Amino acid sequence: MTQASPPTPSQQPRSPFRRFVLDNLGWLLVSLALASVIWYAAVSAQNPVEQRRFTQRVPVEIRTDPGMLIVNRPQQLTALVTIRALRSAWNEIATENISVVADLSGLGPGVYNVELVGALAGVRGGAVVSVDPRTASLELQRREEKRVNVEVQFAQEPPVGYTANATSAEPTALVSGPAASVEKVAAAVARISVGERRTGFSQDVTLLAVDAAGETVADVTLTPAEMRIDVAVQQRPDVSELNVEPRIVGEAPDGYVRGNYNWQPKRIIVRGDQDAIAAMNGSVSTEPIDLTGRIATFSETVHLVLPDGVTMPDPTDVTVTVEIEPVVVTREFANIGVQSQGMDPADYRIVIQPERVNVLVRGPQAIVDGLTPEDVSVYAPLSGLPPGTHTVTLIASVSDASIRAENVTIPNDQATVIIESLEPTRTPTRTPRP
């Protein structure tokens with residue numbers, strides 16, 4: 001008897017659910033796709049994708065291989081980026097989320113027009129669409145370094161009769177930068193001014209990279225950037241330094257006095273007979289400067305009086321400025337009559353009490369002494385006042401315009417003024433009724 005073999009899976013009867021799924025699988029997939037489209041459309045309507053330019057400029061990161069330098073690097077290379085992102089994501093975007101890169105990795109010396117590539121990080125569903133500018137022109141050079149000597153230059157020489165010697169803390173400095181620029185550097189220069197210094201000093205000075213012609217070389221770095229310079233200043237043994245003393249003679253006219261005076265130079269260098277120089281006791285006088293007839297500040301250039309056998313290596317005249325000031329005095333003028341001002345006496349009867357006052361005048365003696373009581377005036381300002389009794393402040397002045405108003409004062413400047421109208425007030429006439 002032959003045994004029947006079991007049915008294969010394809011021959012086994014299908015379950016009703018499985019048969020339903022297989023028969024409707026296409027409709028199910030279509031329905032799922034349609035639902036996804038409807039959901040996406042609903043979400044997009046509430047939170048659409050927006051494309052706009054980021055308001056702030058983004059710094060550009062320049063990438064190079066070690067040992068390479070950008071020689072035409074702008075002071076600040078930045079770019080504007082356009083971003084596409086969901087509306088809800090725009091509030092999260094900050095400059096820190098955006099990067100713009102100019103990648104020169106693997107490139108040798110030369111000039112390249114490199115593309116600027118933007119990227120957005122930390123923002124879901126956002127991307128950089130474009131970068132403005134799209135490219136940047138950058139020049140690559142190899143970085144080199146070498147040591148050069150440090151040279152000290154005097155921007156201003158020491159005073160006449162003095163010598164100065166300078167030494168740097170280190171004999172050399174390291175210069176580094178682009179190969180073409182480093183090759184031009186001939187020395188590191190420390191420029192220092194001695195000026196009027198007569199004793200030694202030390203000072204930290206910034207070093208400058210210069211070429212063989214003494215011109216500054218840019219785009220290089222000096223290490224150290226500054227250096228301590230020691231300067232020894234000494235007087236030459238064959239010269240002597242003397243103080244200058246102006247010789248002022250005569251007297252200013254009456255009413256004027258000599259004030260302060262100044263002169264330049266105050267010290268000079270001389271050489272020659274040492275005995276004659278020693279007899280000068282460390283000072284030398286100018287030619288006489290006469291004050292006779294001087295009534296204003298003046299300047300005068302005069303020679304120095306040197307004994308025989310003594311000369312100046314650098315012949316110099318002396319300019320002397322002398323201040324002449326007037327003697328200021330205060331003079332009192334008594335019983336100056338008070339006049340009315342601003343009101344016609346033909347229309348009003350004006351009574352001023354007090355009628356006379358004393359006036360103090362302060363000014364240069366030569367002017368004040370020449371004034372007479374007729375040169376002094378006192379007024380009672382009445383303009384705009386109605387009839388009645390008033391208290392006014394008196395005003396005084398003098399005929400000489402060189403004396404300012406604030407220097408003419410009245411110790412008792414308050415006055416009582418009575419104003420009466422000379423035109424009687426008319427009384428209206430009453431007409432009798434019939």
# chains A, B, ... in the order shown; residues from 1 in each chain; ligands from 1
>>> residues_around(residues="Val322 (chain A)", least_positions_apart="4", cutoff="9 Å", atoms="only C-alpha atoms", output="list in words")
Arg258, Gly259, Asn260, Tyr261, Asn262, Trp263, Leu291, Ala296, Thr297, Phe298, Ser299 and Glu300 of chain A
>>> write_last_selection(atoms="N, CA and C atoms", output="PDB file, in the first residue's frame")
ATOM      1  N   ARG A 258      57.971 144.866  35.256  1.00  0.00           N
ATOM      2  CA  ARG A 258      58.431 143.663  34.565  1.00  0.00           C
ATOM      3  C   ARG A 258      57.923 142.431  35.291  1.00  0.00           C
ATOM      4  N   GLY A 259      57.284 141.533  34.552  1.00  0.00           N
ATOM      5  CA  GLY A 259      56.807 140.281  35.131  1.00  0.00           C
ATOM      6  C   GLY A 259      57.820 139.170  34.914  1.00  0.00           C
ATOM      7  N   ASN A 260      57.323 137.993  34.597  1.00  0.00           N
ATOM      8  CA  ASN A 260      58.198 136.848  34.371  1.00  0.00           C
ATOM      9  C   ASN A 260      58.916 136.985  33.040  1.00  0.00           C
ATOM     10  N   TYR A 261      60.013 136.251  32.854  1.00  0.00           N
ATOM     11  CA  TYR A 261      60.696 136.226  31.572  1.00  0.00           C
ATOM     12  C   TYR A 261      61.217 134.814  31.323  1.00  0.00           C
ATOM     13  N   ASN A 262      61.318 134.472  30.040  1.00  0.00           N
ATOM     14  CA  ASN A 262      61.741 133.138  29.645  1.00  0.00           C
ATOM     15  C   ASN A 262      62.697 133.253  28.472  1.00  0.00           C
ATOM     16  N   TRP A 263      63.510 132.204  28.262  1.00  0.00           N
ATOM     17  CA  TRP A 263      64.474 132.262  27.172  1.00  0.00           C
ATOM     18  C   TRP A 263      64.825 130.848  26.708  1.00  0.00           C
ATOM     19  N   LEU A 291      64.703 147.602  29.040  1.00  0.00           N
ATOM     20  CA  LEU A 291      63.271 147.718  29.288  1.00  0.00           C
ATOM     21  C   LEU A 291      62.753 149.136  29.132  1.00  0.00           C
ATOM     22  N   ALA A 296      54.590 146.739  26.867  1.00  0.00           N
ATOM     23  CA  ALA A 296      53.891 145.493  26.527  1.00  0.00           C
ATOM     24  C   ALA A 296      54.903 144.363  26.463  1.00  0.00           C
ATOM     25  N   THR A 297      54.437 143.150  26.610  1.00  0.00           N
ATOM     26  CA  THR A 297      55.292 141.971  26.539  1.00  0.00           C
ATOM     27  C   THR A 297      55.978 141.908  25.173  1.00  0.00           C
ATOM     28  N   PHE A 298      57.265 141.542  25.162  1.00  0.00           N
ATOM     29  CA  PHE A 298      58.027 141.528  23.911  1.00  0.00           C
ATOM     30  C   PHE A 298      59.028 140.379  23.928  1.00  0.00           C
ATOM     31  N   SER A 299      59.503 140.011  22.725  1.00  0.00           N
ATOM     32  CA  SER A 299      60.556 139.003  22.556  1.00  0.00           C
ATOM     33  C   SER A 299      61.694 139.634  21.785  1.00  0.00           C
ATOM     34  N   GLU A 300      62.917 139.235  22.143  1.00  0.00           N
ATOM     35  CA  GLU A 300      64.094 139.801  21.494  1.00  0.00           C
ATOM     36  C   GLU A 300      65.163 138.718  21.386  1.00  0.00           C
TER      37      GLU A 300
END
>>> residues_around(residues="region 160-169 of chain A", least_positions_apart="4", cutoff="7 Å", atoms="only C-alpha atoms", output="list in words")
Val152, Met227, Arg228, Ile229, Asp230, Val231, Ala232, Val233, Gln234, Gln235, Arg236, Val239 and Ile269 of chain A
>>> select_by_dssp(residues="region 206-399 of chain A", states="strand (DSSP E or B)", output="ChimeraX atom specification")
/A:206-210,216,221-223,226-235,240-249,256-264,267-272,283-290,298-302,304,310-311,318-326,328-341,348-353,356-364,376-381,388-393,395-398
>>> residues_around(residues="Ile418 (chain A)", least_positions_apart="2", cutoff="6 Å", atoms="only C-alpha atoms", output="list in words")
Ile350, Val351, Gly388 and Thr389 of chain A
>>> residues_around(residues="region 242-256 of chain A", least_positions_apart="2", cutoff="6 Å", atoms="only C-alpha atoms", output="list in words")
Lys266, Arg267, Ile268, Gly282, Ser283, Val284, Ser285, Thr286, Pro288, Ile289, Asp290, Leu291, Thr292, Gly293, Arg294, Glu325, Pro326, Val327, Gln365 and Ala366 of chain A
>>> residues_around(residues="Ser383 (chain A)", least_positions_apart="2", cutoff="10 Å", atoms="only C-alpha atoms", output="ChimeraX atom specification")
/A:340-344,380-381,385-386
>>> closest_residue(among="A:His390, A:Arg362, A:Arg84, A:Arg143", to="Arg331 (chain A)", atoms="only C-alpha atoms")
A:Arg362
>>> closest_residue(among="A:Val129, A:Ala225, A:Leu29, A:Ile93", to="Gln56 (chain A)", atoms="only C-alpha atoms")
A:Ile93
>>> closest_residue(among="A:Glu196, A:Val81, A:Pro224, A:Gln203", to="Val150 (chain A)", atoms="only C-alpha atoms")
A:Pro224
>>> residues_around(residues="Arg349 (chain A)", least_positions_apart="3", cutoff="10 Å", atoms="only C-alpha atoms", output="ChimeraX atom specification")
/A:343-346,387,418-422
>>> closest_residue(among="A:Ala188, A:Asp219, A:Val101, A:Ser176", to="Ile70 (chain A)", atoms="only C-alpha atoms")
A:Asp219
>>> select_by_dssp(residues="region 162-259 of chain A", states="helix (DSSP H, G or I)", output="MDAnalysis selection string")
chainID A and resid 179:184
>>> write_last_selection(atoms="C-alpha atoms", output="PDB file, in the first residue's frame")
ATOM      1  CA  ALA A 179      59.328  83.191   2.241  1.00  0.00           C
ATOM      2  CA  ALA A 180      59.390  86.147  -0.167  1.00  0.00           C
ATOM      3  CA  SER A 181      59.044  88.678   2.682  1.00  0.00           C
ATOM      4  CA  VAL A 182      61.505  86.962   5.032  1.00  0.00           C
ATOM      5  CA  GLU A 183      64.113  86.960   2.265  1.00  0.00           C
ATOM      6  CA  LYS A 184      63.917  90.800   2.055  1.00  0.00           C
TER       7      LYS A 184
END
>>> atom_distance(atom1="CA of Pro178 (chain A)", atom2="CA of Leu116 (chain A)")
23.4 Å
>>> atom_distance(atom1="CA of Asp103 (chain A)", atom2="CA of Arg73 (chain A)")
13.7 Å
>>> atom_distance(atom1="CA of Pro66 (chain A)", atom2="CA of Ser137 (chain A)")
19.7 Å
>>> residues_around(residues="Ala212 (chain A)", least_positions_apart="4", cutoff="8 Å", atoms="only C-alpha atoms", output="NGL selection string")
:A and (184-187)
